[in-house]
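What follows is input_21.cif (mmCIF, C-alpha atoms and all ligand atoms).
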```cif
data_coords
#
loop_
_atom_site.group_PDB
_atom_site.id
_atom_site.type_symbol
_atom_site.label_atom_id
_atom_site.label_comp_id
_atom_site.auth_asym_id
_atom_site.auth_seq_id
_atom_site.Cartn_x
_atom_site.Cartn_y
_atom_site.Cartn_z
ATOM 1 C CA MET A 6 0.000 0.000 0.000
ATOM 2 C CA LEU A 7 1.448 3.396 -0.992
ATOM 3 C CA VAL A 8 0.835 6.266 1.440
ATOM 4 C CA ASN A 9 2.209 9.771 1.886
ATOM 5 C CA LEU A 10 4.385 10.847 4.813
ATOM 6 C CA SER A 11 1.626 12.429 6.908
ATOM 7 C CA SER A 12 0.151 9.600 8.910
ATOM 8 C CA MET A 13 3.398 7.615 8.938
ATOM 9 C CA LEU A 14 5.428 10.435 10.480
ATOM 10 C CA LYS A 15 2.700 11.639 12.856
ATOM 11 C CA ASP A 16 2.496 8.170 14.319
ATOM 12 C CA ALA A 17 6.285 7.918 14.619
ATOM 13 C CA HIS A 18 6.422 11.366 16.244
ATOM 14 C CA LEU A 19 3.825 10.319 18.804
ATOM 15 C CA LYS A 20 5.401 6.963 19.591
ATOM 16 C CA LYS A 21 8.965 8.321 19.608
ATOM 17 C CA HIS A 22 10.565 6.262 16.899
ATOM 18 C CA ALA A 23 11.767 7.114 13.413
ATOM 19 C CA ILE A 24 10.889 5.770 9.988
ATOM 20 C CA GLY A 25 13.855 4.803 7.821
ATOM 21 C CA SER A 26 14.120 6.506 4.452
ATOM 22 C CA PHE A 27 16.408 4.379 2.296
ATOM 23 C CA ASN A 28 17.861 5.410 -1.047
ATOM 24 C CA VAL A 29 17.287 3.129 -4.023
ATOM 25 C CA TYR A 30 18.892 3.184 -7.459
ATOM 26 C CA ASN A 31 17.664 0.054 -9.265
ATOM 27 C CA PHE A 32 15.365 -2.982 -9.002
ATOM 28 C CA GLU A 33 17.622 -4.785 -6.510
ATOM 29 C CA THR A 34 17.800 -1.923 -4.031
ATOM 30 C CA ILE A 35 14.010 -1.392 -4.221
ATOM 31 C CA LYS A 36 13.443 -5.121 -3.626
ATOM 32 C CA GLY A 37 15.915 -5.125 -0.713
ATOM 33 C CA VAL A 38 14.220 -2.180 1.013
ATOM 34 C CA LEU A 39 10.683 -3.527 0.552
ATOM 35 C CA GLU A 40 11.517 -7.081 1.626
ATOM 36 C CA SER A 41 13.182 -5.680 4.768
ATOM 37 C CA ALA A 42 10.027 -3.734 5.652
ATOM 38 C CA ASP A 43 7.846 -6.761 5.032
ATOM 39 C CA GLU A 44 10.004 -9.133 7.069
ATOM 40 C CA LEU A 45 10.336 -6.699 10.000
ATOM 41 C CA LYS A 46 6.694 -5.582 9.660
ATOM 42 C CA LYS A 47 7.618 -1.899 9.730
ATOM 43 C CA PRO A 48 6.558 1.071 7.587
ATOM 44 C CA VAL A 49 9.226 2.320 5.220
ATOM 45 C CA ILE A 50 10.095 5.231 2.969
ATOM 46 C CA VAL A 51 11.578 4.323 -0.405
ATOM 47 C CA ALA A 52 13.667 7.331 -1.415
ATOM 48 C CA PHE A 53 14.756 8.021 -4.967
ATOM 49 C CA GLY A 54 17.151 10.932 -5.409
ATOM 50 C CA GLU A 55 17.057 13.276 -8.374
ATOM 51 C CA LYS A 56 20.746 12.515 -8.938
ATOM 52 C CA TYR A 57 19.905 8.872 -9.829
ATOM 53 C CA LEU A 58 17.706 9.785 -12.784
ATOM 54 C CA GLY A 59 20.438 8.353 -15.018
ATOM 55 C CA ASN A 60 19.777 4.932 -13.422
ATOM 56 C CA MET A 61 15.970 4.898 -13.615
ATOM 57 C CA ASP A 62 13.273 7.307 -14.751
ATOM 58 C CA LEU A 63 10.507 8.401 -12.376
ATOM 59 C CA ASN A 64 7.718 6.419 -14.074
ATOM 60 C CA THR A 65 9.756 3.213 -13.871
ATOM 61 C CA VAL A 66 10.609 3.787 -10.202
ATOM 62 C CA TYR A 67 6.916 4.256 -9.468
ATOM 63 C CA ALA A 68 5.903 1.181 -11.499
ATOM 64 C CA VAL A 69 8.406 -1.088 -9.731
ATOM 65 C CA VAL A 70 7.725 0.238 -6.216
ATOM 66 C CA ASN A 71 3.957 0.182 -6.696
ATOM 67 C CA SER A 72 4.033 -3.362 -8.035
ATOM 68 C CA LEU A 73 6.272 -4.749 -5.255
ATOM 69 C CA ALA A 74 4.489 -2.769 -2.517
ATOM 70 C CA LYS A 75 1.242 -4.565 -3.367
ATOM 71 C CA ASN A 76 2.761 -7.777 -2.020
ATOM 72 C CA ILE A 77 3.768 -6.415 1.345
ATOM 73 C CA SER A 78 1.648 -5.767 4.389
ATOM 74 C CA THR A 79 3.242 -2.584 5.774
ATOM 75 C CA PRO A 80 2.743 1.018 4.592
ATOM 76 C CA VAL A 81 5.221 2.304 2.003
ATOM 77 C CA ALA A 82 5.855 5.927 1.030
ATOM 78 C CA LEU A 83 7.539 6.686 -2.289
ATOM 79 C CA HIS A 84 9.572 9.837 -1.780
ATOM 80 C CA LEU A 85 11.601 11.981 -4.179
ATOM 81 C CA ASP A 86 14.811 12.778 -2.278
ATOM 82 C CA HIS A 87 16.939 15.954 -2.638
ATOM 83 C CA CYS A 88 15.279 17.531 -5.633
ATOM 84 C CA LYS A 89 16.361 20.987 -6.759
ATOM 85 C CA SER A 90 14.335 21.087 -9.956
ATOM 86 C CA PHE A 91 10.720 22.268 -10.035
ATOM 87 C CA GLU A 92 10.153 20.224 -13.217
ATOM 88 C CA HIS A 93 11.309 16.969 -11.611
ATOM 89 C CA ILE A 94 9.058 17.600 -8.609
ATOM 90 C CA ILE A 95 6.024 17.963 -10.879
ATOM 91 C CA GLN A 96 7.070 14.907 -12.919
ATOM 92 C CA ALA A 97 7.407 12.821 -9.736
ATOM 93 C CA ILE A 98 3.966 13.885 -8.523
ATOM 94 C CA ARG A 99 2.538 12.991 -11.925
ATOM 95 C CA ALA A 100 4.338 9.631 -11.928
ATOM 96 C CA GLY A 101 2.665 8.704 -8.622
ATOM 97 C CA PHE A 102 5.246 9.560 -5.948
ATOM 98 C CA THR A 103 3.432 10.146 -2.663
ATOM 99 C CA SER A 104 5.980 12.566 -1.256
ATOM 100 C CA VAL A 105 8.658 14.966 -2.524
ATOM 101 C CA MET A 106 11.604 16.820 -1.046
ATOM 102 C CA PHE A 107 12.353 20.243 -2.428
ATOM 103 C CA ASP A 108 15.984 20.959 -1.566
ATOM 104 C CA GLY A 109 16.356 24.719 -1.521
ATOM 105 C CA SER A 110 19.209 24.590 0.978
ATOM 106 C CA SER A 111 21.629 26.287 -1.416
ATOM 107 C CA LEU A 112 19.239 29.225 -1.965
ATOM 108 C CA SER A 113 18.795 32.321 0.177
ATOM 109 C CA PHE A 114 16.299 31.911 3.035
ATOM 110 C CA GLU A 115 13.707 34.045 1.210
ATOM 111 C CA GLU A 116 14.081 32.180 -2.095
ATOM 112 C CA ASN A 117 13.948 28.776 -0.388
ATOM 113 C CA LEU A 118 10.788 29.866 1.452
ATOM 114 C CA ARG A 119 9.110 31.242 -1.677
ATOM 115 C CA LYS A 120 9.824 28.187 -3.853
ATOM 116 C CA THR A 121 8.957 25.695 -1.091
ATOM 117 C CA ALA A 122 5.597 27.404 -0.459
ATOM 118 C CA GLN A 123 4.795 27.256 -4.180
ATOM 119 C CA ILE A 124 5.588 23.523 -4.307
ATOM 120 C CA VAL A 125 3.582 22.844 -1.125
ATOM 121 C CA SER A 126 0.477 24.472 -2.601
ATOM 122 C CA ILE A 127 0.703 22.306 -5.745
ATOM 123 C CA ALA A 128 1.605 19.045 -3.944
ATOM 124 C CA HIS A 129 -1.059 19.403 -1.268
ATOM 125 C CA ALA A 130 -3.740 19.889 -3.913
ATOM 126 C CA VAL A 131 -3.151 16.264 -4.943
ATOM 127 C CA GLY A 132 -2.410 14.763 -1.520
ATOM 128 C CA VAL A 133 1.378 14.635 -1.875
ATOM 129 C CA THR A 134 3.484 15.580 1.164
ATOM 130 C CA VAL A 135 6.511 17.892 1.026
ATOM 131 C CA GLU A 136 9.807 17.879 2.903
ATOM 132 C CA ALA A 137 12.046 20.949 2.793
ATOM 133 C CA GLU A 138 15.542 21.683 4.094
ATOM 134 C CA LEU A 139 16.959 24.575 6.092
ATOM 135 C CA GLY A 140 20.689 24.745 6.758
ATOM 136 C CA ALA A 141 23.154 22.480 4.948
ATOM 137 C CA LEU A 142 25.191 19.318 5.559
ATOM 138 C CA SER A 143 28.838 18.856 4.685
ATOM 139 C CA ARG A 144 30.088 15.745 2.912
ATOM 140 C CA GLY A 145 31.913 12.887 4.569
ATOM 141 C CA ASP A 146 33.649 9.856 3.024
ATOM 142 C CA TYR A 147 32.219 7.689 0.211
ATOM 143 C CA SER A 148 29.258 10.003 -0.400
ATOM 144 C CA ASN A 149 28.188 11.117 -3.842
ATOM 145 C CA GLU A 150 26.194 14.083 -2.520
ATOM 146 C CA ASP A 151 27.347 17.565 -3.510
ATOM 147 C CA GLU A 152 30.202 18.997 -1.473
ATOM 148 C CA GLY A 153 28.564 21.257 1.083
ATOM 149 C CA LYS A 154 29.522 23.616 3.869
ATOM 150 C CA GLN A 155 28.030 22.686 7.238
ATOM 151 C CA ILE A 156 25.446 25.353 8.122
ATOM 152 C CA TYR A 157 23.412 24.556 11.219
ATOM 153 C CA THR A 158 19.679 25.241 11.040
ATOM 154 C CA ASP A 159 18.636 28.460 12.745
ATOM 155 C CA PRO A 160 15.694 27.695 15.096
ATOM 156 C CA ASP A 161 14.020 31.115 14.613
ATOM 157 C CA GLN A 162 14.251 30.827 10.840
ATOM 158 C CA ALA A 163 12.843 27.282 11.071
ATOM 159 C CA GLU A 164 9.820 28.576 12.968
ATOM 160 C CA GLU A 165 9.109 31.284 10.384
ATOM 161 C CA PHE A 166 9.779 28.906 7.469
ATOM 162 C CA VAL A 167 7.367 26.220 8.690
ATOM 163 C CA LYS A 168 4.630 28.740 9.483
ATOM 164 C CA LYS A 169 4.847 30.426 6.066
ATOM 165 C CA THR A 170 5.382 27.343 3.841
ATOM 166 C CA GLU A 171 3.153 24.776 5.609
ATOM 167 C CA VAL A 172 5.639 21.995 4.776
ATOM 168 C CA ASP A 173 4.913 18.537 6.197
ATOM 169 C CA ALA A 174 8.451 17.739 7.360
ATOM 170 C CA LEU A 175 11.659 19.721 7.777
ATOM 171 C CA ALA A 176 15.202 18.430 7.261
ATOM 172 C CA VAL A 177 17.505 20.070 9.783
ATOM 173 C CA SER A 178 21.260 20.412 9.928
ATOM 174 C CA ILE A 179 22.646 19.612 13.384
ATOM 175 C CA GLY A 180 26.054 18.093 12.592
ATOM 176 C CA THR A 181 25.389 14.875 10.671
ATOM 177 C CA VAL A 182 27.164 14.599 7.311
ATOM 178 C CA HIS A 183 26.262 13.053 3.967
ATOM 179 C CA GLY A 184 28.482 9.976 3.837
ATOM 180 C CA MET A 185 30.617 8.236 6.443
ATOM 181 C CA TYR A 186 32.048 10.438 9.221
ATOM 182 C CA LYS A 187 35.720 11.343 8.819
ATOM 183 C CA GLY A 188 36.187 11.591 12.602
ATOM 184 C CA GLU A 189 33.942 11.618 15.661
ATOM 185 C CA PRO A 190 30.433 12.850 14.790
ATOM 186 C CA LYS A 191 29.736 16.215 16.424
ATOM 187 C CA ILE A 192 25.974 16.389 16.728
ATOM 188 C CA ASP A 193 24.499 19.464 18.411
ATOM 189 C CA ILE A 194 21.452 18.174 20.278
ATOM 190 C CA GLY A 195 21.029 21.685 21.731
ATOM 191 C CA VAL A 196 20.203 23.061 18.276
ATOM 192 C CA LEU A 197 17.724 20.219 17.729
ATOM 193 C CA LYS A 198 16.063 20.907 21.067
ATOM 194 C CA ALA A 199 15.761 24.611 20.226
ATOM 195 C CA ILE A 200 14.175 23.792 16.836
ATOM 196 C CA SER A 201 11.792 21.272 18.418
ATOM 197 C CA SER A 202 10.660 23.796 21.005
ATOM 198 C CA LYS A 203 9.561 26.155 18.219
ATOM 199 C CA ILE A 204 7.912 23.862 15.686
ATOM 200 C CA ASP A 205 5.834 20.754 16.011
ATOM 201 C CA ILE A 206 6.037 19.161 12.554
ATOM 202 C CA PRO A 207 8.126 15.990 12.059
ATOM 203 C CA LEU A 208 11.862 16.687 11.730
ATOM 204 C CA VAL A 209 14.146 14.812 9.358
ATOM 205 C CA LEU A 210 17.751 13.754 9.907
ATOM 206 C CA HIS A 211 19.834 13.462 6.753
ATOM 207 C CA GLY A 212 23.202 11.721 6.778
ATOM 208 C CA GLY A 213 22.131 8.650 8.741
ATOM 209 C CA SER A 214 25.055 6.442 7.628
ATOM 210 C CA GLY A 215 27.460 5.737 10.457
ATOM 211 C CA THR A 216 25.574 7.792 13.053
ATOM 212 C CA PRO A 217 26.003 6.082 16.452
ATOM 213 C CA GLN A 218 22.963 4.443 18.020
ATOM 214 C CA ALA A 219 23.131 6.643 21.145
ATOM 215 C CA THR A 220 23.002 9.771 18.977
ATOM 216 C CA ILE A 221 20.112 8.371 16.947
ATOM 217 C CA LYS A 222 18.265 7.730 20.199
ATOM 218 C CA GLU A 223 18.770 11.302 21.430
ATOM 219 C CA CYS A 224 17.715 12.706 18.064
ATOM 220 C CA ILE A 225 14.501 10.666 18.033
ATOM 221 C CA TYR A 226 13.768 11.661 21.605
ATOM 222 C CA ASN A 227 14.053 15.313 20.520
ATOM 223 C CA GLY A 228 11.762 15.313 17.495
ATOM 224 C CA ILE A 229 13.473 13.460 14.620
ATOM 225 C CA CYS A 230 11.059 10.965 13.061
ATOM 226 C CA LYS A 231 12.486 10.337 9.583
ATOM 227 C CA ILE A 232 16.118 9.291 9.107
ATOM 228 C CA ASN A 233 17.784 9.053 5.689
ATOM 229 C CA VAL A 234 20.349 6.387 4.846
ATOM 230 C CA ASN A 235 22.179 6.176 1.538
ATOM 231 C CA THR A 236 25.985 5.832 1.596
ATOM 232 C CA GLU A 237 26.243 2.810 3.879
ATOM 233 C CA ILE A 238 23.805 0.806 1.727
ATOM 234 C CA SER A 239 26.042 1.382 -1.271
ATOM 235 C CA MET A 240 29.407 1.053 0.492
ATOM 236 C CA TYR A 241 28.562 -2.131 2.405
ATOM 237 C CA THR A 242 26.969 -3.859 -0.582
ATOM 238 C CA VAL A 243 29.777 -2.967 -2.996
ATOM 239 C CA ASN A 244 32.425 -4.188 -0.517
ATOM 240 C CA LYS A 245 30.615 -7.465 0.102
ATOM 241 C CA ILE A 246 30.177 -8.129 -3.623
ATOM 242 C CA LYS A 247 33.807 -7.180 -4.268
ATOM 243 C CA GLY A 248 34.904 -9.747 -1.657
ATOM 244 C CA ALA A 249 32.701 -12.471 -3.131
ATOM 245 C CA LEU A 250 33.929 -11.821 -6.670
ATOM 246 C CA LYS A 251 37.526 -11.993 -5.521
ATOM 247 C CA SER A 252 37.099 -15.499 -4.156
ATOM 248 C CA ASP A 253 35.083 -16.809 -7.111
ATOM 249 C CA THR A 254 35.518 -15.156 -10.484
ATOM 250 C CA ASN A 255 32.844 -17.255 -12.227
ATOM 251 C CA TYR A 256 29.765 -15.570 -10.805
ATOM 252 C CA HIS A 257 26.780 -15.271 -13.126
ATOM 253 C CA LEU A 258 25.267 -11.785 -13.173
ATOM 254 C CA SER A 259 21.924 -13.159 -11.941
ATOM 255 C CA LYS A 260 23.696 -14.371 -8.808
ATOM 256 C CA VAL A 261 25.376 -10.997 -8.278
ATOM 257 C CA SER A 262 21.930 -9.428 -8.469
ATOM 258 C CA LEU A 263 20.653 -11.726 -5.690
ATOM 259 C CA MET A 264 23.727 -10.897 -3.596
ATOM 260 C CA GLU A 265 22.955 -7.229 -3.994
ATOM 261 C CA VAL A 266 19.432 -7.696 -2.587
ATOM 262 C CA LYS A 267 20.795 -9.745 0.335
ATOM 263 C CA TYR A 268 23.432 -7.175 1.386
ATOM 264 C CA VAL A 269 21.098 -4.185 0.946
ATOM 265 C CA LYS A 270 18.716 -5.951 3.336
ATOM 266 C CA GLU A 271 21.429 -6.395 5.968
ATOM 267 C CA VAL A 272 22.032 -2.632 6.161
ATOM 268 C CA VAL A 273 18.371 -1.641 5.895
ATOM 269 C CA LYS A 274 17.284 -4.049 8.630
ATOM 270 C CA LYS A 275 20.079 -2.908 10.954
ATOM 271 C CA TYR A 276 18.894 0.702 10.690
ATOM 272 C CA MET A 277 15.172 -0.133 10.809
ATOM 273 C CA ASN A 278 15.669 -1.930 14.105
ATOM 274 C CA MET A 279 17.853 0.884 15.418
ATOM 275 C CA PHE A 280 15.240 3.512 14.561
ATOM 276 C CA TYR A 281 12.496 1.554 16.316
ATOM 277 C CA ASP A 282 14.430 0.398 19.353
ATOM 278 C CA ALA A 283 15.517 3.910 20.173
HETATM 279 P P1 LIG B 301 24.008 9.234 4.055
HETATM 280 O O1 LIG B 301 24.516 9.012 2.670
HETATM 281 O O2 LIG B 301 25.013 9.826 4.969
HETATM 282 O O3 LIG B 301 23.394 8.013 4.633
HETATM 283 O O4 LIG B 301 22.833 10.321 3.948
HETATM 284 C C1 LIG B 301 21.712 9.993 3.200
HETATM 285 C C2 LIG B 301 20.808 11.150 2.994
HETATM 286 O O5 LIG B 301 20.747 12.050 3.795
HETATM 287 C C3 LIG B 301 19.991 11.105 1.778
HETATM 288 O O6 LIG B 301 19.106 12.160 1.690
#
```
Whole structure given in structure tokens:
Amino acid sequence: MLVNLSSMLKDAHLKKHAIGSFNVYNFETIKGVLESADELKKPVIVAFGEKYLGNMDLNTVYAVVNSLAKNISTPVALHLDHCKSFEHIIQAIRAGFTSVMFDGSSLSFEENLRKTAQIVSIAHAVGVTVEAELGALSRGDYSNEDEGKQIYTDPDQAEEFVKKTEVDALAVSIGTVHGMYKGEPKIDIGVLKAISSKIDIPLVLHGGSGTPQATIKECIYNGICKINVNTEISMYTVNKIKGALKSDTNYHLSKVSLMEVKYVKEVVKKYMNMFYDA
């Protein structure tokens, strides 16, 4: 069953856990994420980033996710991750995505607010939820996100932004990075607490890969109810497949494809359990 983020995140917010939002790039990653949700009986967000449009087009992503989601018993949201283009947002909505993220984090505050509000009014007219971002994350190891400068979210700006745009969820910058951490993660729970005291919509943590369980727990306790994971899915799976191919060079591609699903599931399940057991 495909749903938008509203009920899923409200429930998570109330019960103090987070829903995992896992990036997919092809059939195998989609299958791995959905089978994990089904086996653990947990709701899940399948996230497809604008930067992977070279791998799959939006209509195909929708067709595959919609078809596989029919066989599983837990709610699934299909979310467009980190999208800077207005055209791609509209195309995703038209393709059947139930949720979109407009990433205006590189724009001025005013421009981000103006464009986000415009997208919210269009998306809400057809029941699609919108996530926006204020502040910016820097890039750690193994990530293919854009290089960014860490800018922590300003709590007062967040309050004004949410009031004026009516977004459904807000991605905040509190010290996590896109990719694996280069040193000790420096997460500012104080900033998160200040944001949470001013707004009551679900907050989103980007840069989930490698974030310690204790930090995840504190973040969830202070208002985070959607956590994004991308890099570790890719890094772990590629390393495992690399190891297998080294020991046996006669693998058939169909077998490599099954390995990919298996290793994606190991990462996704680890984080799903972590986000619920917090
Ligand atoms: P990581 O690549 O650090 O897991 O971050 C993922 C993310 O935030 C995608 O939006």
### Message
Using the chain letters and numbers from this file, what does the PyMOL selection byres (((not hetatm)) within 9 of (chain B and resi 301)) select? Give the answer as a PyMOL selection string.
### Response
chain A and resi 26-28+52-54+86-87+142+144-150+181-186+210-216+232-239
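With only C-alpha atoms as the atoms that count, the minimum distance from Ile206 (chain A) to the choices A:Leu19, A:Leu73, A:Val105, A:Ile94 is reached by A:Leu19.
Picked out by the PyMOL selection byres (((chain A and resi 21) around 9) and not hetatm) when it runs on this file: Asp16, Ala17, His18, Leu19, Lys20, His22, Ala23, Ile225, Tyr226, Asn227, Gly228, Ile229, Cys230, Tyr281 and Ala283 of chain A.
CA of Lys270 (chain A) is positioned 10.0 Å from CA of Glu44 (chain A).
Compared by their closest atoms to Asn64 (chain A), and using only C-alpha atoms, the residues A:Thr79, A:Gln96, A:Ser41, A:Ser262 rank with A:Gln96 nearest.
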### Query
Applied to this file, what does the PyMOL selection byres (((chain A and resi 266) around 7) and not hetatm) return in terms of residues, put as number ranges by chain?
A: 33-34, 36-37, 262-265, 267-270
### Task
Find the residues with any atom within 12 Å of (-2.2, 17.0, -4.7); use only C-alpha atoms and the coordinates as given in the file, and write the answer as a count of residues only.
23
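With distances restricted to all atoms listed in the file, A:Leu85 is the closest residue to Tyr57 (chain A) from A:Ala42, A:Val70, A:Ala122, A:Leu85.
CA of Gly25 (chain A) is positioned 12.7 Å from CA of Lys46 (chain A).
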